[in-house]
Structures are given as structure tokens and as C-alpha cells.
>>> print(open('run-v1.cif').read())   # mmCIF, C-alpha atoms
data_work
#
loop_
_atom_site.label_atom_id
_atom_site.label_comp_id
_atom_site.auth_asym_id
_atom_site.auth_seq_id
_atom_site.Cartn_x
_atom_site.Cartn_y
_atom_site.Cartn_z
CA MET A 1 235.97 210.32 30.77
CA PRO A 2 236.93 206.78 31.79
CA ASP A 3 234.26 204.23 31.02
CA ASP A 4 235.26 201.83 33.82
CA LEU A 5 232.64 202.38 36.51
CA THR A 6 235.05 201.14 39.19
CA THR A 7 237.69 203.77 38.30
CA PRO A 8 237.89 206.53 40.94
CA GLY A 9 236.69 209.79 39.47
CA ALA A 10 234.65 208.14 36.74
CA LEU A 11 231.38 208.76 38.58
CA PRO A 12 230.27 210.26 41.87
CA GLU A 13 230.81 207.88 44.80
CA SER A 14 227.08 207.22 45.16
CA LEU A 15 226.90 205.86 41.60
CA ARG A 16 230.05 203.77 41.50
CA VAL A 17 229.79 200.01 41.27
CA SER A 18 231.97 198.05 43.66
CA ALA A 19 233.32 194.68 42.62
CA GLU A 20 233.01 193.61 46.26
CA GLU A 21 229.22 193.73 46.52
CA PRO A 22 226.20 192.84 44.39
CA ASP A 23 225.67 195.32 41.57
CA ARG A 24 222.55 197.45 41.48
CA ASN A 25 221.63 196.07 38.05
CA LEU A 26 221.45 192.60 39.54
CA ALA A 27 217.81 193.21 40.44
CA LEU A 28 216.60 192.92 36.85
CA GLU A 29 218.58 189.72 36.36
CA LEU A 30 217.07 188.25 39.51
CA VAL A 31 213.48 188.99 38.55
CA ARG A 32 213.94 186.91 35.40
CA VAL A 33 214.63 183.97 37.73
CA THR A 34 211.43 184.34 39.78
CA GLU A 35 209.43 184.98 36.61
CA ALA A 36 210.70 181.67 35.22
CA ALA A 37 209.82 179.80 38.42
CA ALA A 38 206.38 181.39 38.52
CA MET A 39 205.57 180.59 34.89
CA ALA A 40 206.74 176.99 35.26
CA GLY A 41 205.00 176.43 38.58
CA GLY A 42 201.93 178.30 37.42
CA ARG A 43 201.11 175.56 34.92
CA TRP A 44 200.36 173.33 37.92
CA VAL A 45 197.87 175.65 39.60
CA GLY A 46 194.81 173.68 40.70
CA ARG A 47 196.15 170.29 39.59
CA GLY A 48 196.34 169.00 43.16
CA ASP A 49 200.01 168.04 42.85
CA LYS A 50 202.17 170.25 45.04
CA ASN A 51 205.30 168.16 44.41
CA GLY A 52 204.85 168.47 40.66
CA ALA A 53 204.42 172.22 40.97
CA ASP A 54 207.46 172.57 43.20
CA GLY A 55 209.57 170.39 40.93
CA ALA A 56 208.71 172.49 37.86
CA ALA A 57 209.46 175.74 39.69
CA VAL A 58 212.73 174.44 41.16
CA ASN A 59 213.89 173.23 37.75
CA ALA A 60 213.11 176.56 36.09
CA MET A 61 214.71 178.59 38.88
CA ARG A 62 217.83 176.43 38.85
CA LYS A 63 218.31 176.85 35.11
CA LEU A 64 217.77 180.61 35.08
CA ILE A 65 219.79 181.37 38.22
CA GLY A 66 222.81 179.84 36.52
CA THR A 67 222.82 182.75 34.07
CA VAL A 68 222.94 185.50 36.72
CA SER A 69 226.17 187.47 37.03
CA MET A 70 227.14 186.51 40.57
CA ASN A 71 229.20 184.00 42.50
CA GLY A 72 226.43 182.80 44.78
CA VAL A 73 226.10 180.18 47.50
CA VAL A 74 222.67 178.97 48.54
CA VAL A 75 222.32 179.63 52.27
CA ILE A 76 218.55 179.18 52.44
CA GLY A 77 217.40 176.61 49.92
CA GLU A 78 215.35 173.56 49.17
CA GLY A 79 217.26 171.84 51.92
CA GLU A 80 217.02 168.91 54.27
CA LYS A 81 213.36 169.52 55.09
CA ASP A 82 212.42 169.14 51.42
CA ASP A 83 214.99 166.42 50.52
CA ALA A 84 215.77 168.45 47.40
CA PRO A 85 218.31 167.49 44.70
CA MET A 86 218.62 171.08 43.43
CA LEU A 87 219.00 174.49 45.04
CA PHE A 88 220.14 172.80 48.23
CA ASN A 89 222.00 174.57 51.02
CA GLY A 90 225.64 175.06 50.03
CA GLU A 91 225.06 174.75 46.28
CA ARG A 92 226.94 177.29 44.15
CA VAL A 93 224.72 179.29 41.82
CA GLY A 94 225.20 182.05 39.28
CA ASP A 95 227.65 182.14 36.42
CA GLY A 96 230.67 182.53 38.69
CA THR A 97 231.37 186.14 37.79
CA GLY A 98 230.55 189.25 39.77
CA ALA A 99 230.19 189.57 43.51
CA ASP A 100 230.32 186.86 46.15
CA CYS A 101 226.75 186.48 47.42
CA ASP A 102 224.56 184.65 49.87
CA VAL A 103 221.40 183.43 48.15
CA ALA A 104 218.02 182.47 49.59
CA VAL A 105 215.47 180.74 47.38
CA ASP A 106 211.89 179.60 47.64
CA PRO A 107 210.73 178.59 44.15
CA ILE A 108 207.17 178.35 45.50
CA ASP A 109 206.21 179.88 48.82
CA GLY A 110 202.86 178.15 49.06
CA THR A 111 203.04 174.80 47.23
CA SER A 112 199.68 173.74 48.66
CA LEU A 113 198.20 177.07 47.63
CA THR A 114 199.43 176.42 44.09
CA ALA A 115 198.17 172.84 44.01
CA ASN A 116 194.73 173.91 45.22
CA GLY A 117 194.48 177.09 43.14
CA GLN A 118 194.33 179.25 46.27
CA PRO A 119 195.56 182.84 46.62
CA SER A 120 199.00 184.26 47.38
CA ALA A 121 201.48 181.65 46.12
CA ILE A 122 204.70 183.39 45.05
CA ALA A 123 208.17 182.57 43.73
CA VAL A 124 210.88 184.22 45.83
CA LEU A 125 214.60 184.95 45.62
CA ALA A 126 216.85 187.07 47.85
CA VAL A 127 220.53 187.94 47.53
CA ALA A 128 222.92 189.62 49.98
CA GLU A 129 226.63 190.01 50.44
CA ARG A 130 228.56 186.85 51.34
CA GLY A 131 228.20 186.02 55.02
CA ALA A 132 225.17 188.26 55.54
CA MET A 133 222.47 185.61 56.04
CA TYR A 134 221.88 183.81 59.32
CA ASP A 135 222.47 180.05 59.34
CA PRO A 136 219.71 178.36 61.37
CA SER A 137 221.60 175.03 61.48
CA ALA A 138 218.63 172.75 60.74
CA VAL A 139 216.18 174.38 63.15
CA PHE A 140 213.25 174.45 60.78
CA TYR A 141 210.81 176.65 62.73
CA MET A 142 210.85 179.98 64.50
CA ASP A 143 208.37 182.12 66.40
CA LYS A 144 207.96 185.38 64.45
CA LEU A 145 206.64 188.90 64.78
CA VAL A 146 206.58 191.25 61.78
CA THR A 147 205.25 194.77 61.46
CA GLY A 148 205.89 197.84 59.33
CA PRO A 149 207.84 201.05 59.93
CA ASP A 150 205.10 202.79 61.94
CA ALA A 151 205.32 200.33 64.84
CA ALA A 152 208.79 198.84 64.33
CA ASP A 153 210.28 200.57 67.37
CA VAL A 154 207.54 199.67 69.86
CA VAL A 155 206.86 195.95 69.39
CA ASP A 156 208.57 193.19 71.39
CA ILE A 157 208.11 189.49 70.69
CA THR A 158 208.67 188.72 74.38
CA ALA A 159 205.75 190.95 75.42
CA PRO A 160 202.18 189.65 75.77
CA VAL A 161 200.13 189.52 72.56
CA ALA A 162 197.64 192.08 73.85
CA GLU A 163 200.41 194.53 74.63
CA ASN A 164 201.91 194.27 71.15
CA ILE A 165 198.53 194.79 69.53
CA ALA A 166 197.92 197.83 71.73
CA ARG A 167 201.34 199.23 70.83
CA VAL A 168 200.75 198.74 67.10
CA ALA A 169 197.33 200.40 67.37
CA LYS A 170 198.77 203.38 69.27
CA ALA A 171 201.64 203.80 66.78
CA LYS A 172 199.11 203.92 63.94
CA ASN A 173 196.64 206.17 65.80
CA GLU A 174 194.12 203.35 65.79
CA GLU A 175 192.23 201.20 68.24
CA PRO A 176 193.05 197.50 68.79
CA GLU A 177 189.81 196.67 66.95
CA ASP A 178 191.33 198.30 63.84
CA VAL A 179 194.43 196.06 63.86
CA THR A 180 194.57 193.01 61.57
CA VAL A 181 196.92 190.15 62.42
CA VAL A 182 197.93 187.48 59.92
CA ILE A 183 198.53 184.01 61.39
CA LEU A 184 199.23 180.61 59.85
CA ASP A 185 196.23 178.36 60.37
CA ARG A 186 197.82 175.61 62.47
CA PRO A 187 196.67 173.72 65.59
CA ARG A 188 199.73 175.05 67.44
CA HIS A 189 198.31 178.56 67.14
CA GLN A 190 195.00 177.96 68.88
CA GLN A 191 196.00 179.79 72.05
CA LEU A 192 197.57 182.63 70.05
CA ILE A 193 194.35 183.01 68.06
CA GLU A 194 192.31 183.16 71.25
CA GLU A 195 194.61 185.82 72.73
CA VAL A 196 194.38 187.96 69.60
CA ARG A 197 190.60 187.67 69.47
CA ALA A 198 190.37 188.66 73.13
CA THR A 199 191.84 192.06 72.25
CA GLY A 200 189.16 192.71 69.64
CA ALA A 201 191.73 192.69 66.83
CA ARG A 202 190.88 191.04 63.55
CA ILE A 203 192.64 187.92 62.28
CA ARG A 204 193.46 186.81 58.77
CA LEU A 205 194.24 183.09 58.82
CA ILE A 206 196.43 181.82 56.00
CA SER A 207 196.98 178.16 55.17
CA ASP A 208 200.51 178.68 53.80
CA GLY A 209 202.80 181.38 52.48
CA ASP A 210 204.02 183.39 55.43
CA VAL A 211 206.64 185.21 53.33
CA ALA A 212 203.78 186.94 51.55
CA GLY A 213 202.10 187.44 54.93
CA ALA A 214 205.23 189.09 56.35
CA ILE A 215 205.52 191.43 53.38
CA MET A 216 201.87 192.44 53.73
CA ALA A 217 202.44 193.17 57.43
CA ALA A 218 205.34 195.49 56.53
CA ARG A 219 203.84 197.25 53.50
CA PRO A 220 201.29 200.06 53.81
CA ASP A 221 197.74 199.77 52.49
CA THR A 222 197.58 195.96 52.50
CA GLY A 223 195.03 195.73 55.30
CA VAL A 224 197.50 193.75 57.45
CA ASP A 225 199.30 195.34 60.42
CA LEU A 226 201.08 192.46 62.15
CA LEU A 227 202.22 188.89 61.57
CA LEU A 228 202.47 186.58 64.57
CA GLY A 229 203.16 182.90 65.10
CA ILE A 230 205.44 179.99 64.35
CA GLY A 231 206.52 179.38 60.78
CA GLY A 232 209.53 178.18 58.84
CA THR A 233 212.97 179.51 59.76
CA PRO A 234 214.04 179.65 56.08
CA GLU A 235 210.95 181.73 55.33
CA GLY A 236 211.84 183.96 58.29
CA ILE A 237 215.26 184.73 56.84
CA ILE A 238 213.79 185.36 53.38
CA SER A 239 211.21 187.64 55.01
CA ALA A 240 214.02 189.50 56.79
CA CYS A 241 215.55 190.26 53.38
CA ALA A 242 212.25 191.82 52.32
CA ILE A 243 211.96 193.75 55.59
CA LYS A 244 215.46 195.13 55.01
CA CYS A 245 214.16 196.68 51.82
CA LEU A 246 210.76 197.79 53.12
CA GLY A 247 211.61 199.03 56.59
CA GLY A 248 209.74 197.73 59.58
CA THR A 249 210.97 194.88 61.74
CA ILE A 250 211.01 191.12 62.03
CA GLN A 251 211.74 189.53 65.38
CA GLY A 252 212.14 185.80 65.85
CA ARG A 253 213.10 183.05 68.28
CA LEU A 254 214.14 179.58 67.17
CA TRP A 255 211.45 176.98 67.90
CA PRO A 256 212.76 173.39 67.81
CA LYS A 257 209.87 171.06 67.06
CA ASP A 258 211.18 168.18 69.18
CA ASP A 259 213.97 167.16 71.57
CA ALA A 260 216.23 165.93 68.77
CA GLU A 261 216.08 169.28 67.00
CA ARG A 262 216.58 171.08 70.32
CA HIS A 263 219.76 169.10 70.98
CA ARG A 264 221.05 169.81 67.48
CA ALA A 265 220.40 173.52 67.98
CA LEU A 266 222.20 173.58 71.33
CA ASP A 267 225.10 171.55 69.92
CA ALA A 268 225.38 174.12 67.13
CA GLY A 269 225.69 176.88 69.73
CA HIS A 270 222.26 178.47 69.35
CA ASP A 271 220.75 180.35 72.27
CA LEU A 272 217.09 179.35 72.06
CA ASP A 273 216.04 182.28 74.26
CA ARG A 274 217.73 184.86 72.05
CA VAL A 275 215.53 187.26 70.12
CA LEU A 276 216.79 187.53 66.55
CA HIS A 277 216.14 190.91 64.95
CA THR A 278 216.22 191.92 61.30
CA ASP A 279 219.95 192.65 61.30
CA ASP A 280 220.66 189.31 62.99
CA LEU A 281 218.79 187.42 60.26
CA VAL A 282 220.40 189.35 57.41
CA SER A 283 223.21 191.81 58.03
CA GLY A 284 224.60 194.54 55.81
CA ASP A 285 222.68 196.99 53.71
CA ASN A 286 222.89 195.68 50.18
CA VAL A 287 220.08 193.17 49.99
CA PHE A 288 217.98 192.33 46.95
CA PHE A 289 214.55 190.76 47.20
CA VAL A 290 212.38 189.70 44.28
CA ALA A 291 209.05 187.90 44.16
CA THR A 292 206.71 186.96 41.31
CA GLY A 293 203.08 186.01 41.79
CA ILE A 294 201.98 182.48 40.91
CA THR A 295 198.35 182.71 42.02
CA ASP A 296 196.38 185.90 42.54
CA GLY A 297 196.79 187.51 45.94
CA GLU A 298 196.66 190.84 47.69
CA LEU A 299 200.41 191.23 47.30
CA LEU A 300 200.82 190.24 43.63
CA ARG A 301 198.72 189.04 40.74
CA GLY A 302 199.30 185.50 39.55
CA VAL A 303 200.57 184.36 36.16
CA ARG A 304 198.13 185.05 33.32
CA TYR A 305 198.41 182.70 30.34
CA ARG A 306 197.13 183.51 26.88
CA ALA A 307 197.63 182.10 23.41
CA GLY A 308 201.38 182.10 22.85
CA GLY A 309 202.24 184.13 25.90
CA ALA A 310 202.02 184.91 29.59
CA THR A 311 201.97 187.95 31.87
CA THR A 312 203.73 188.08 35.23
CA HIS A 313 203.55 190.53 38.13
CA SER A 314 206.64 191.00 40.31
CA LEU A 315 207.96 192.97 43.27
CA VAL A 316 211.64 193.98 43.05
CA MET A 317 213.40 195.69 45.96
CA ARG A 318 216.88 196.76 47.04
CA SER A 319 217.71 197.81 50.57
CA LYS A 320 220.68 200.03 49.71
CA SER A 321 218.66 202.41 47.54
CA GLY A 322 215.28 201.81 49.16
CA THR A 323 213.82 201.40 45.69
CA ILE A 324 210.71 199.26 45.33
CA ARG A 325 209.59 198.36 41.83
CA VAL A 326 206.41 196.64 40.74
CA ILE A 327 207.02 195.07 37.34
CA GLU A 328 204.47 193.70 34.89
CA SER A 329 206.16 191.61 32.23
CA HIS A 330 204.64 190.28 29.00
CA HIS A 331 206.34 187.12 27.75
CA ARG A 332 206.13 185.64 24.26
CA LEU A 333 206.61 181.93 24.77
CA SER A 334 207.74 181.36 21.19
CA LYS A 335 210.62 183.77 21.79
CA LEU A 336 211.51 182.19 25.13
CA ARG A 337 211.54 178.76 23.51
CA ALA A 338 214.33 179.87 21.19
CA TYR A 339 216.87 180.40 23.98
CA SER A 340 215.51 178.77 27.12
CA SER A 341 215.59 175.09 28.04
CA VAL A 342 212.56 175.59 30.32
CA ASP A 343 209.23 174.35 28.96
CA PHE A 344 206.97 177.26 29.94
CA GLU A 345 204.15 176.05 27.71
CA HIS A 346 203.56 172.75 29.46
CA GLY A 347 205.14 173.21 32.90
CA ARG A 348 207.69 170.42 32.64
#
>>> encode(input="run-v1.cif", output="C-alpha cells")
Amino acid sequence: MPDDLTTPGALPESLRVSAEEPDRNLALELVRVTEAAAMAGGRWVGRGDKNGADGAAVNAMRKLIGTVSMNGVVVIGEGEKDDAPMLFNGERVGDGTGADCDVAVDPIDGTSLTANGQPSAIAVLAVAERGAMYDPSAVFYMDKLVTGPDAADVVDITAPVAENIARVAKAKNEEPEDVTVVILDRPRHQQLIEEVRATGARIRLISDGDVAGAIMAARPDTGVDLLLGIGGTPEGIISACAIKCLGGTIQGRLWPKDDAERHRALDAGHDLDRVLHTDDLVSGDNVFFVATGITDGELLRGVRYRAGGATTHSLVMRSKSGTIRVIESHHRLSKLRAYSSVDFEHGR
């Protein structure tokens, strides 16, 4: 039997590896990258220095992503908003072999959470086929709605808040009082919060980290049914990659924060009234999403350090197979030191 997995007849069609798309084994390479970012950033938990935490995580992610077998381009990165010198939009990542990929990174979703030792900070990475990810053209915020498979076909971001909550409740055979909505705690959401409370639904306010919030809204048994509100556009596209793997839906509309950003969006050809759905934010059906916990949360446990080692907790998903893996990894720092240039012991 031929041992070349791309040779016709070597394996059934469903098991063949195409050189034109990311390989299924890429998932385990990618989780090493978010583990590295989480372990480096995790050393800064509670230190009150979100820039130090982010810098450590970015450095670790940048070094590890260079070893991944792909020819990647960062589409969603530590871009203009963060004035980042690494993992910026347009940067080429990977070792240059393998498939051509779009890459979305967020070395720490929740830098303030990390700095303050608060729950639900995660390191995130998503990969899709080249050209699959939406380019928001420097519009940094979008209005979002996320829910899971049960209510994906009945929600509409253009409908009133009360109507969407009622639809989600009906789809889940619940009452509106049973629905929990996660919302970023921002002054801009005061009216939204009042509208949700008027329905009797419960609210979970989060200070940061709406990628984790979106995943909780899409996954069963998290206690969250719906995410609403304005958050980062990069985080929206990363969330769409997760939704691709989980099922459910994300709907969004670009939300320029001022007239200058509005003009840039219009000059770039964006329709600011258009509702962007999951497939608009990330097309195709071969998307990988990986996340590793930095601080403890309902989605993932944070990094646990011990003498000479660390334990990480990660979520690894692929849309094409629908496989969702939860991985607990035990790392021996003395072994990592032998082949890694990342200082996991001190977070530098």
C-alpha cells in the first residue's frame, strides 16, 4: 500500500490529507502555541501589569508559532489598536511548509483579567484556509449576538432585545427568566442592560474577555444562553472561528467608534448596516480553534504551577470533523528549557 497520504487510493477519501488545506494534525501543533502563551502570561497573573503580561504571552506565542507546519498570514493580530511589534496584521507565521492559512491570534483575551487575577483570561489561536477570514479594515468594534445551536435559527440581531430573549427561551423550552445573557460591563451598554433586565432575564456582566463569553454562549451546560453587545471586531472574528466548530451562530454589525473610523470604513467599502453572519466572518469548513486557560474560569482552568512544572487546560476544536477536545497537559519546565527559548519559569 502506498504510504503517501495524498496518493489516490492510499486511503478512503474521508481520511486523505490535502496539500491545499490545513492538515487535521495541525490541531495538536496549535495547542502547543496557546499553552506556551498561557504559561508565559500566567506568570504575570495578579501583578497589576497588563502590558507585561501581554508582552510575555506575545513573545511566547510568536516563538512557538514559528515552528508550526503551515504557511500562515496573520489576518487578526496584535494590530494597530495595540501598536504591536509582533504578531501584527500581515505578518507571516509558521515554518513556511504545509498549507496556506489565515491566522487569528489573541495571546491574552483578557489582559486586565490577567493583571488583576480575575477569572476567564485565555490564550487563543484560530487557523483557516487562506482568504477565509473577514478583514474588518481597522473598524475595531462591532455589535454582536451569539447563541448556541438550539436557538441559532431564530435569533436576529436587528430584532428588539426582548424578542431575541423570548425566541431563545422558546427554542430551549424555557421562560425568559431562565435565560442568562453575558454582556461586557461598559457604559455604552447601560440601555442594553436595562432592556435585558426588563424581560426578567438574568445578566452576567464581564469586565473583559468576550471570546470566552461567546464560547460559553454557544456551548451547552455553561449557564450562559446568549451574548449581546459591542465588543472588539478582532474578537468577533476569532469567536466566529469557535462558533464554526461548535455550531450556533454569531451575528455582527460593524460599529465605528467615531466619525474618522466611520469614514475609513465607508472608504474601504463596508456597508455599516450589513449583518455579518458566521460564514461572512469566517468562510469555508476547515477551521481550527484552540484556547488555553490563563486564569480559572467556567470555560477553562487556569495555569497551575508547581515545583519544576506546570499544568494547562485547553480546548481544541476543528470545524470539518466537529471534534472538540479538552486537553490537560503536564509540563516539565526543565525539559522545556532544553529546547525552548521561552522562559516559562520567570515569565520573561
>>> atom_distance(input="run-v1.cif", atom1="CA of Ala128 (chain A)", atom2="CA of Asp153 (chain A)")
24.1 Å
>>> resolve_selection(input="run-v1.cif", expression="the PyMOL selection byres ((chain A and resi 318) around 6)", output="short mmCIF file (atom, residue, chain, number, x, y, z; two decimals) with C-alpha atoms, in the frame of the given file")
data_model
loop_
_atom_site.label_atom_id
_atom_site.label_comp_id
_atom_site.auth_asym_id
_atom_site.auth_seq_id
_atom_site.Cartn_x
_atom_site.Cartn_y
_atom_site.Cartn_z
CA CYS A 245 214.16 196.68 51.82
CA VAL A 287 220.08 193.17 49.99
CA PHE A 288 217.98 192.33 46.95
CA MET A 317 213.40 195.69 45.96
CA SER A 319 217.71 197.81 50.57
CA LYS A 320 220.68 200.03 49.71
CA SER A 321 218.66 202.41 47.54
CA GLY A 322 215.28 201.81 49.16
CA THR A 323 213.82 201.40 45.69
#
>>> resolve_selection(input="run-v1.cif", expression="the PyMOL selection byres ((chain A and resi 184) around 12)", output="count of residues only")
32
>>> atom_distance(input="run-v1.cif", atom1="CA of Phe289 (chain A)", atom2="CA of Thr312 (chain A)")
16.4 Å
>>> resolve_selection(input="run-v1.cif", expression="the PyMOL selection byres ((chain A and resi 95) around 6)", output="count of residues only")
7
>>> residues_around(input="run-v1.cif", residues="Asp135 (chain A)", least_positions_apart="5", cutoff="12 Å", atoms="all atoms listed in the file", output="short mmCIF file (atom, residue, chain, number, x, y, z; two decimals) with C-alpha atoms, in the coordinates of the input")
data_model
loop_
_atom_site.label_atom_id
_atom_site.label_comp_id
_atom_site.auth_asym_id
_atom_site.auth_seq_id
_atom_site.Cartn_x
_atom_site.Cartn_y
_atom_site.Cartn_z
CA VAL A 74 222.67 178.97 48.54
CA VAL A 75 222.32 179.63 52.27
CA ILE A 76 218.55 179.18 52.44
CA GLY A 77 217.40 176.61 49.92
CA ASN A 89 222.00 174.57 51.02
CA GLY A 90 225.64 175.06 50.03
CA ASP A 102 224.56 184.65 49.87
CA VAL A 103 221.40 183.43 48.15
CA ALA A 104 218.02 182.47 49.59
CA PHE A 140 213.25 174.45 60.78
CA THR A 233 212.97 179.51 59.76
CA PRO A 234 214.04 179.65 56.08
CA GLY A 236 211.84 183.96 58.29
CA ILE A 237 215.26 184.73 56.84
CA ILE A 238 213.79 185.36 53.38
CA LEU A 254 214.14 179.58 67.17
CA ALA A 265 220.40 173.52 67.98
CA ALA A 268 225.38 174.12 67.13
CA GLY A 269 225.69 176.88 69.73
CA HIS A 270 222.26 178.47 69.35
CA LEU A 276 216.79 187.53 66.55
CA ASP A 280 220.66 189.31 62.99
CA LEU A 281 218.79 187.42 60.26
CA VAL A 282 220.40 189.35 57.41
CA SER A 283 223.21 191.81 58.03
#
>>> closest_residue(input="run-v1.cif", among="A:Ala132, A:Asn173, A:Gly308, A:Ala159", to="Thr278 (chain A)", atoms="only C-alpha atoms")
A:Ala132
>>> atom_distance(input="run-v1.cif", atom1="CA of Gly302 (chain A)", atom2="CA of Leu87 (chain A)")
23.2 Å
>>> closest_residue(input="run-v1.cif", among="A:Pro107, A:Gly98, A:Gly117, A:Pro136", to="Thr292 (chain A)", atoms="only C-alpha atoms")
A:Pro107
>>> closest_residue(input="run-v1.cif", among="A:Leu315, A:Ile324, A:Cys101, A:Ala115", to="Val31 (chain A)", atoms="only C-alpha atoms")
A:Leu315
>>> residues_around(input="run-v1.cif", residues="Met61 (chain A)", least_positions_apart="6", cutoff="9 Å", atoms="all atoms listed in the file", output="list of chain:residue names")
A:Val33, A:Thr34, A:Glu35, A:Ala36, A:Ala37, A:Ala38, A:Ala40, A:Leu87, A:Val105, A:Pro107
